[in-house]
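Asks: Provided herewith: target01.cif, mmCIF, C-alpha atoms.
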data_upload
loop_
_atom_site.label_atom_id
_atom_site.label_comp_id
_atom_site.auth_asym_id
_atom_site.auth_seq_id
_atom_site.Cartn_x
_atom_site.Cartn_y
_atom_site.Cartn_z
CA MET A 787 32.64 -1.19 5.34
CA LEU A 788 33.35 2.15 6.99
CA ARG A 789 32.87 3.84 3.63
CA ILE A 790 29.49 2.16 3.17
CA ILE A 791 28.36 3.31 6.63
CA LYS A 792 29.57 6.84 5.85
CA GLU A 793 27.63 6.83 2.57
CA THR A 794 24.57 5.52 4.41
CA ILE A 795 24.66 8.29 7.00
CA ILE A 796 25.12 11.01 4.34
CA LEU A 797 22.23 9.62 2.31
CA PHE A 798 20.04 9.24 5.39
CA VAL A 799 20.44 12.89 6.39
CA LEU A 800 20.05 14.07 2.78
CA ILE A 801 16.85 12.08 2.23
CA ILE A 802 15.26 13.27 5.48
CA LEU A 803 15.99 16.85 4.40
CA ILE A 804 14.57 16.30 0.90
CA ALA A 805 11.45 14.63 2.30
CA PHE A 806 10.76 17.45 4.76
CA ILE A 807 11.35 20.18 2.18
CA ALA A 808 9.23 18.33 -0.40
CA ASN A 809 6.38 17.92 2.08
CA SER A 810 6.48 21.57 3.09
CA VAL A 811 6.13 22.77 -0.53
CA SER A 812 3.85 20.00 -1.81
CA PRO A 813 0.17 20.81 -2.48
CA LYS A 814 -0.57 17.40 -0.97
CA ARG A 815 1.41 18.05 2.21
CA ILE A 816 0.31 16.36 5.40
CA PRO A 817 1.04 17.40 8.99
CA TYR A 818 4.19 15.87 10.46
CA ILE A 819 2.21 14.53 13.38
CA GLY A 820 -1.13 13.06 12.36
CA THR A 821 -4.30 12.65 14.38
CA TRP A 822 -4.52 8.87 14.28
CA TYR A 823 -5.95 6.88 17.10
CA ASP A 824 -3.79 4.20 18.57
CA ASN A 825 -4.93 0.92 17.01
CA ARG A 826 -1.94 -1.22 17.92
CA ASP A 827 -3.84 -3.37 20.39
CA LYS A 828 -7.26 -3.18 18.76
CA ILE A 829 -6.94 -5.93 16.19
CA ALA A 830 -10.00 -7.74 17.53
CA LEU A 831 -12.32 -4.75 17.27
CA ASP A 832 -14.72 -5.14 14.41
CA LYS A 833 -14.59 -1.53 13.35
CA PRO A 834 -12.90 0.16 10.42
CA PRO A 835 -9.50 1.62 11.31
CA SER A 836 -10.75 5.11 10.42
CA TYR A 837 -14.16 4.69 12.07
CA ASP A 838 -15.75 7.97 13.11
CA PRO A 839 -18.69 7.39 15.48
CA ASP A 840 -20.11 10.84 14.72
CA TYR A 841 -20.31 10.24 11.02
CA ASP A 842 -20.22 6.55 10.10
CA SER A 843 -23.31 4.37 10.59
CA LEU A 844 -22.23 0.79 11.08
CA LEU A 845 -24.62 -2.11 10.66
CA THR A 846 -24.50 -5.33 12.63
CA MET A 847 -24.71 -8.63 10.83
CA GLU A 848 -28.31 -9.06 12.01
CA ASP A 849 -29.39 -5.59 10.84
CA ALA A 850 -27.74 -6.06 7.48
CA PHE A 851 -29.43 -9.41 7.02
CA TYR A 852 -32.81 -7.98 8.02
CA LEU A 853 -32.44 -5.13 5.51
CA TRP A 854 -31.37 -7.53 2.79
CA LYS A 855 -34.22 -9.94 3.50
CA SER A 856 -36.85 -7.18 3.59
CA GLY A 857 -35.59 -5.77 0.31
CA ASP A 858 -35.74 -2.29 1.79
CA ALA A 859 -32.17 -1.43 0.99
CA VAL A 860 -29.89 -1.38 -2.01
CA PHE A 861 -26.68 -3.26 -1.31
CA ILE A 862 -23.60 -1.75 -2.90
CA ASP A 863 -20.43 -3.79 -3.30
CA ALA A 864 -17.54 -1.33 -3.22
CA ARG A 865 -14.89 -3.84 -4.28
CA ASP A 866 -13.25 -4.18 -7.70
CA LYS A 867 -15.25 -5.63 -10.55
CA SER A 868 -13.22 -8.87 -10.61
CA GLU A 869 -13.92 -9.49 -6.92
CA TYR A 870 -17.58 -8.62 -7.36
CA ASN A 871 -17.81 -10.99 -10.31
CA SER A 872 -16.26 -13.86 -8.40
CA GLY A 873 -18.93 -13.61 -5.70
CA HIS A 874 -21.15 -11.02 -4.05
CA ILE A 875 -24.22 -10.72 -1.84
CA SER A 876 -27.27 -11.67 -3.89
CA GLY A 877 -28.84 -8.62 -5.48
CA ALA A 878 -25.95 -6.30 -4.68
CA ILE A 879 -24.79 -3.87 -7.33
CA ASN A 880 -21.19 -3.07 -8.01
CA LEU A 881 -19.76 0.40 -7.40
CA PRO A 882 -15.99 0.04 -7.18
CA PHE A 883 -14.83 2.98 -5.13
CA GLU A 884 -11.61 3.16 -7.16
CA HIS A 885 -13.51 3.54 -10.44
CA TRP A 886 -16.42 5.53 -9.12
CA ASP A 887 -16.99 7.72 -12.19
CA ASN A 888 -17.29 4.74 -14.54
CA TYR A 889 -20.15 3.26 -12.51
CA TRP A 890 -21.86 6.24 -10.93
CA ASP A 891 -24.25 7.06 -13.81
CA TYR A 892 -25.70 3.56 -13.71
CA VAL A 893 -25.82 3.28 -9.90
CA SER A 894 -27.35 6.74 -9.42
CA SER A 895 -30.20 5.75 -11.75
CA LEU A 896 -31.14 2.99 -9.28
CA ILE A 897 -31.23 5.04 -6.09
CA THR A 898 -32.94 8.15 -4.75
CA PRO A 899 -31.96 10.34 -1.79
CA GLN A 900 -34.53 8.42 0.29
CA THR A 901 -33.15 4.98 -0.57
CA LYS A 902 -31.59 2.98 2.22
CA ILE A 903 -28.14 2.03 1.01
CA VAL A 904 -25.81 -0.56 2.50
CA THR A 905 -22.20 -0.50 1.39
CA TYR A 906 -19.88 -3.42 1.97
CA CYS A 907 -16.56 -4.89 0.96
CA GLY A 908 -14.49 -7.72 2.37
CA GLY A 909 -11.66 -8.11 4.82
CA TYR A 910 -11.01 -6.65 8.22
CA ASN A 911 -9.13 -3.64 6.94
CA CYS A 912 -11.04 -3.03 3.76
CA GLU A 913 -12.27 0.50 4.03
CA LEU A 914 -13.81 0.75 0.57
CA SER A 915 -17.27 0.39 2.13
CA VAL A 916 -16.49 3.25 4.51
CA ASP A 917 -15.13 5.44 1.73
CA ALA A 918 -18.12 4.68 -0.49
CA ALA A 919 -20.62 5.38 2.29
CA ARG A 920 -18.98 8.70 3.11
CA GLU A 921 -19.00 9.69 -0.55
CA LEU A 922 -22.67 8.75 -0.89
CA LYS A 923 -23.55 10.86 2.15
CA VAL A 924 -21.71 13.80 0.63
CA LEU A 925 -23.62 13.28 -2.63
CA GLY A 926 -26.94 13.53 -0.79
CA TYR A 927 -27.80 9.99 0.24
CA PRO A 928 -28.10 10.30 4.04
CA ASN A 929 -29.55 6.81 4.62
CA THR A 930 -26.30 5.09 3.86
CA TYR A 931 -24.99 2.40 6.18
CA ILE A 932 -21.73 0.52 6.35
CA PHE A 933 -21.77 -3.25 6.58
CA PHE A 934 -18.15 -3.48 7.63
CA ASN A 935 -16.27 -6.58 6.51
CA GLY A 936 -19.68 -7.52 5.12
CA TYR A 937 -18.75 -10.00 2.46
CA ASP A 938 -16.56 -12.06 4.79
CA LYS A 939 -19.33 -12.19 7.40
CA TRP A 940 -21.84 -13.14 4.70
CA LEU A 941 -19.52 -15.90 3.47
CA GLU A 942 -18.96 -17.18 7.00
CA LEU A 943 -22.70 -17.69 7.50
CA ASN A 944 -23.08 -19.12 4.00
CA LEU A 945 -25.84 -16.65 3.13
CA PRO A 946 -27.12 -16.26 -0.44
CA ARG A 947 -24.51 -15.14 -2.92
CA GLU A 948 -24.22 -14.95 -6.64
CA THR A 949 -21.48 -14.61 -9.20
CA SER A 950 -21.37 -12.55 -12.37
CA SER A 951 -19.64 -13.30 -15.62
CA GLU A 952 -17.20 -10.86 -17.22
CA GLU A 953 -18.82 -8.52 -19.68
CA MET B 587 47.65 4.79 -23.04
CA LYS B 588 45.68 2.70 -25.53
CA ASN B 589 46.31 -0.37 -23.40
CA LYS B 590 45.01 1.40 -20.31
CA HIS B 591 41.78 2.26 -22.09
CA GLN B 592 41.47 -1.28 -23.39
CA ASN B 593 41.85 -2.65 -19.87
CA LYS B 594 39.23 -0.27 -18.59
CA LEU B 595 36.88 -1.31 -21.36
CA LYS B 596 37.58 -4.96 -20.59
CA LEU B 597 36.78 -4.39 -16.93
CA PHE B 598 33.61 -2.55 -17.87
CA LEU B 599 32.45 -5.38 -20.05
CA THR B 600 33.25 -8.19 -17.62
CA LYS B 601 30.34 -10.43 -16.87
CA SER B 602 30.22 -9.64 -13.17
CA HIS B 603 30.21 -5.90 -13.83
CA TRP B 604 27.26 -6.20 -16.16
CA SER B 605 25.30 -8.52 -13.91
CA ILE B 606 25.70 -6.10 -10.99
CA PHE B 607 24.77 -3.19 -13.23
CA VAL B 608 21.61 -4.99 -14.36
CA ILE B 609 20.66 -5.92 -10.76
CA ARG B 610 21.19 -2.30 -9.71
CA LEU B 611 19.07 -1.10 -12.59
CA VAL B 612 16.24 -3.53 -11.82
CA ILE B 613 16.18 -2.92 -8.05
CA GLY B 614 16.61 0.82 -8.51
CA GLY B 615 13.77 0.84 -11.03
CA VAL B 616 11.51 -1.15 -8.73
CA PHE B 617 12.04 1.29 -5.85
CA ILE B 618 11.62 4.38 -8.05
CA TYR B 619 8.37 2.92 -9.36
CA ALA B 620 7.22 2.01 -5.85
CA SER B 621 7.88 5.51 -4.53
CA ILE B 622 6.01 7.63 -7.08
CA ASP B 623 2.44 6.85 -6.07
CA LYS B 624 3.27 7.20 -2.37
CA ILE B 625 4.86 10.61 -2.93
CA MET B 626 1.79 11.68 -4.91
CA HIS B 627 -0.63 10.47 -2.19
CA PRO B 628 1.01 10.82 1.24
CA ASP B 629 -2.39 10.98 2.97
CA VAL B 630 -3.50 7.63 1.56
CA PHE B 631 -0.12 6.10 2.31
CA ALA B 632 -0.38 7.28 5.93
CA LYS B 633 -3.73 5.52 6.18
CA ILE B 634 -2.17 2.32 4.85
CA ILE B 635 0.59 2.55 7.48
CA HIS B 636 -2.07 3.09 10.15
CA ASN B 637 -3.85 -0.05 8.98
CA TYR B 638 -0.76 -2.10 9.77
CA HIS B 639 -1.53 -1.61 13.48
CA LEU B 640 2.17 -1.50 14.27
CA LEU B 641 3.30 2.06 14.66
CA HIS B 642 2.73 4.67 17.33
CA PRO B 643 0.22 7.24 15.97
CA GLY B 644 2.76 10.05 16.30
CA LEU B 645 5.14 8.35 13.90
CA ILE B 646 2.69 7.44 11.12
CA ASN B 647 2.80 10.72 9.17
CA LEU B 648 6.55 11.06 9.61
CA LEU B 649 7.02 7.65 8.03
CA ALA B 650 4.51 8.40 5.27
CA ILE B 651 6.45 11.57 4.42
CA THR B 652 9.97 10.14 4.52
CA LEU B 653 9.73 6.50 3.43
CA PRO B 654 8.78 7.14 -0.23
CA TRP B 655 11.72 9.56 -0.54
CA PHE B 656 14.06 6.90 0.85
CA GLU B 657 12.78 4.59 -1.89
CA LEU B 658 13.09 7.21 -4.62
CA VAL B 659 16.53 8.58 -3.73
CA CYS B 660 18.01 5.15 -3.03
CA GLY B 661 16.48 3.86 -6.28
CA VAL B 662 18.03 6.73 -8.24
CA CYS B 663 21.40 6.17 -6.50
CA LEU B 664 21.32 2.54 -7.60
CA VAL B 665 20.49 3.41 -11.18
CA VAL B 666 23.07 6.18 -11.61
CA GLY B 667 25.72 4.55 -9.42
CA TYR B 668 26.11 7.45 -6.98
CA LYS B 669 26.78 6.27 -3.41
CA TYR B 670 24.98 3.13 -4.42
CA ARG B 671 26.48 0.93 -1.71
CA GLY B 672 25.15 3.20 1.01
CA ALA B 673 21.80 3.27 -0.78
CA THR B 674 21.83 -0.54 -0.98
CA LEU B 675 22.45 -0.80 2.77
CA ILE B 676 19.49 1.54 3.45
CA LEU B 677 17.29 -0.52 1.14
CA LEU B 678 18.40 -3.75 2.85
CA ILE B 679 17.37 -2.38 6.25
CA MET B 680 14.07 -1.13 4.82
CA LEU B 681 13.32 -4.48 3.19
CA ALA B 682 13.99 -6.29 6.47
CA VAL B 683 11.49 -3.97 8.19
CA PHE B 684 8.95 -4.50 5.38
CA ILE B 685 9.23 -8.28 5.74
CA PHE B 686 8.77 -7.96 9.52
CA ALA B 687 5.64 -5.80 9.13
CA LEU B 688 4.12 -7.98 6.41
CA SER B 689 4.87 -11.20 8.32
CA ILE B 690 3.22 -9.93 11.50
CA ASN B 691 0.00 -9.08 9.66
CA TYR B 692 0.16 -12.30 7.67
CA ALA B 693 0.40 -14.21 10.96
CA ARG B 694 -2.45 -12.15 12.43
CA GLY B 695 -4.52 -13.14 9.42
CA ILE B 696 -5.68 -9.61 8.71
CA ASN B 697 -6.31 -8.49 5.22
CA ILE B 698 -4.65 -5.17 4.54
CA ASN B 699 -3.62 -3.21 1.55
CA CYS B 700 0.10 -3.86 1.44
CA GLY B 701 0.92 -0.42 0.00
CA CYS B 702 4.06 -1.96 -1.46
CA PHE B 703 3.89 -0.49 -4.94
CA SER B 704 0.77 1.59 -4.94
CA THR B 705 -1.62 3.35 -2.61
CA SER B 706 -4.55 2.00 -4.61
CA ARG B 707 -7.12 0.61 -2.20
CA SER B 708 -7.62 -2.81 -3.64
CA THR B 709 -9.31 -5.03 -1.08
CA ARG B 710 -7.18 -8.13 -1.25
CA THR B 711 -3.44 -8.07 -1.19
CA ASP B 712 -1.45 -11.24 -1.08
CA LEU B 713 0.86 -10.48 1.81
CA LEU B 714 2.77 -13.70 1.24
CA TRP B 715 3.62 -12.62 -2.29
CA GLY B 716 4.76 -9.27 -0.88
CA ILE B 717 7.09 -11.11 1.50
CA ILE B 718 8.49 -13.22 -1.36
CA GLU B 719 9.09 -10.09 -3.46
CA ASP B 720 10.96 -8.49 -0.59
CA ILE B 721 13.11 -11.60 -0.10
CA ILE B 722 14.05 -11.52 -3.80
CA LEU B 723 14.96 -7.82 -3.49
CA ILE B 724 17.02 -8.58 -0.36
CA ALA B 725 18.92 -11.22 -2.32
CA GLY B 726 19.62 -8.69 -5.08
CA CYS B 727 20.78 -6.03 -2.61
CA THR B 728 23.03 -8.54 -0.84
CA ILE B 729 24.67 -9.47 -4.15
CA ILE B 730 25.33 -5.77 -4.90
CA LEU B 731 26.92 -5.23 -1.48
CA PHE B 732 29.06 -8.37 -1.57
CA LYS B 733 30.18 -7.89 -5.14
CA SER B 734 31.19 -4.30 -4.54
CA LYS B 735 33.19 -5.42 -1.51
CA PHE B 736 34.80 -8.19 -3.55
CA LYS B 737 35.78 -5.71 -6.26
CA LYS B 738 37.46 -3.49 -3.68
CA GLN B 739 39.55 -6.42 -2.41
CA GLU B 740 40.44 -7.32 -5.99
CA ASN B 741 41.71 -3.77 -6.58
CA LEU B 742 43.97 -4.07 -3.57
#
Would you mind writing the file out in structure tokens?
Replies:
Amino acid sequence: MLRIIKETIILFVLIILIAFIANSVSPKRIPYIGTWYDNRDKIALDKPPSYDPDYDSLLTMEDAFYLWKSGDAVFIDARDKSEYNSGHISGAINLPFEHWDNYWDYVSSLITPQTKIVTYCGGYNCELSVDAARELKVLGYPNTYIFFNGYDKWLELNLPRETSSEE
Amino acid sequence: MKNKHQNKLKLFLTKSHWSIFVIRLVIGGVFIYASIDKIMHPDVFAKIIHNYHLLHPGLINLLAITLPWFELVCGVCLVVGYKYRGATLILLIMLAVFIFALSINYARGININCGCFSTSRSTRTDLLWGIIEDIILIAGCTIILFKSKFKKQENL
């Protein structure tokens, strides 16, 4: 047992050293102390974990519904294709953030820089809608809004949804 | 001399030796695989840790930097057999922590990217399945530790 503990301590120190050296020479290095806000007691807050009030425009359920009903906005589902196919907000188009390049040509043909865009995904900690909205803003679509946890809220209120079949 | 070699070969080919070797190979392989994507994307992995809502902000990056290397080095130790019992003990402790973190968020009912094997931001992750996987890995690690202890007693 003593030998196992000795091995564990040696490995522990060795690994910490390797990790620190690797991070210091890696092109993808990150600071040792990050600038995260403390979210340990903020489970109930309905905001994305990485929410930036200066940059992200969040929509309330009511605003999202109004935009959807008026047809003034294009709804973009940022989830994977399989999730989109199994159910999405009626009229929404799929732009999986993880496979952006495969979908962008088609999606960009449907929107202009003036288009109001609403991005959504599902689940309290799904940040695909946030990532997609930020990317769209960078690409020159300033009227992009985040409907955070949108699909779950939509489901909860049993609002119009549709499914798609696999291509 | 020939007899000595034959005995060694016999020991090497014993069922228990092979089963432990295979378990080491599988668990080591799983951890090596799990570590690669996290080492490649420490920033995304840090975000996943932040989403767990469990850690003090000052510790998030430190964990994102070190944890994947613990997985990789311990995985390699298990595969090549170098200090593999120490590596197994580290993995056991890590798995217990993983189960704790996953269980808390499963109980909270929040939907997070587990970050278990990849930093890919898929929306839905079955946390329960993650817990089951970790329990299976714990069982494997426990067998490695107990069997290696048993072998030592046998040698005495």
Asks: Residues near region 789-799 of chain A, anyone? I mean within 9 Å using all atoms listed in the file, not counting same-chain ones fewer than 5 positions away, as a PDB file with C-alpha atoms, in the coordinates of the input.
Replies:
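Output (selection-v1.pdb):
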ATOM      1  CA  ILE A 804      14.570  16.300   0.900  1.00  0.00           C
TER       2      ILE A 804
ATOM      3  CA  PHE B 656      14.060   6.900   0.850  1.00  0.00           C
ATOM      4  CA  VAL B 659      16.530   8.580  -3.730  1.00  0.00           C
ATOM      5  CA  CYS B 660      18.010   5.150  -3.030  1.00  0.00           C
ATOM      6  CA  LYS B 669      26.780   6.270  -3.410  1.00  0.00           C
ATOM      7  CA  TYR B 670      24.980   3.130  -4.420  1.00  0.00           C
ATOM      8  CA  ARG B 671      26.480   0.930  -1.710  1.00  0.00           C
ATOM      9  CA  GLY B 672      25.150   3.200   1.010  1.00  0.00           C
ATOM     10  CA  ALA B 673      21.800   3.270  -0.780  1.00  0.00           C
ATOM     11  CA  THR B 674      21.830  -0.540  -0.980  1.00  0.00           C
ATOM     12  CA  LEU B 675      22.450  -0.800   2.770  1.00  0.00           C
ATOM     13  CA  ILE B 676      19.490   1.540   3.450  1.00  0.00           C
TER      14      ILE B 676
END
Asks: Show me, as a VMD selection string, the residues that have an atom within 12 Å of His627 (chain B) when counting all atoms listed in the file, minus same-chain residues fewer than 6 positions from it.
Replies: (chain A and resid 809 812 to 816) or (chain B and resid 621 633 to 634 647 650 to 651 654 701 704 to 707)
Asks: Do you know which residues the PyMOL selection byres ((chain A) within 6 of (chain B)) returns on this file, as an MDAnalysis selection string?
Replies: chainID A and resid 790 793:794 805 818:820 822 824:826 909:912
Asks: To one decimal place, how far is CA of Gly857 (chain A) from CA of Lys923 (chain A) in Å?
Replies: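 Taking CA of Gly857 (chain A) as the start and CA of Lys923 (chain A) as the end point, the length is 20.6 Å.
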Asks: Have a look at A:Glu869, A:Asp858, A:Glu921, A:Asp827 and name the one nearest to Asp887 (chain A); count all atoms listed in the file.
Replies: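 Once distances to Asp887 (chain A) are computed over all atoms listed in the file, the minimum belongs to A:Glu921.
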Asks: Need the shell around Leu714 (chain B): protein/DNA/RNA residues with any atom at most 9 Å away, counting all atoms listed in the file. Skip same-chain ones fewer than 6 positions apart. Format as a list in words?
Replies: Leu688, Ser689 and Tyr692 of chain B
Asks: Using only C-alpha atoms, which residue out of A:Ser856, A:Leu943, A:Ala850, A:Leu922 lies closest to Phe883 (chain A)?
Replies: A:Leu922
Asks: With distances taken over only C-alpha atoms, which residue among A:Leu845, A:Ala808, A:Lys867, A:Ala918 lies nearest Asn935 (chain A)?
Replies: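 Closest to Asn935 (chain A) of all the choices is A:Leu845.
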Asks: Find the distance between CA of Ser868 (chain A) and CA of Ser895 (chain A) and write it in Å to one decimal.
Replies: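 Computed distance, CA of Ser868 (chain A) to CA of Ser895 (chain A), equals 22.4 Å.
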Asks: What's the 9 Å shell around Ile724 (chain B), counting only C-alpha atoms, without same-chain residues fewer than 6 positions away, as a ChimeraX atom specification?
Replies: /B:677-678,681-682
Asks: Of the residues A:Ile879, A:Leu945, A:Ala864, A:Leu925, which is the one nearest to Glu913 (chain A), using only C-alpha atoms?
Replies: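 Nearest to Glu913 (chain A): A:Ala864.
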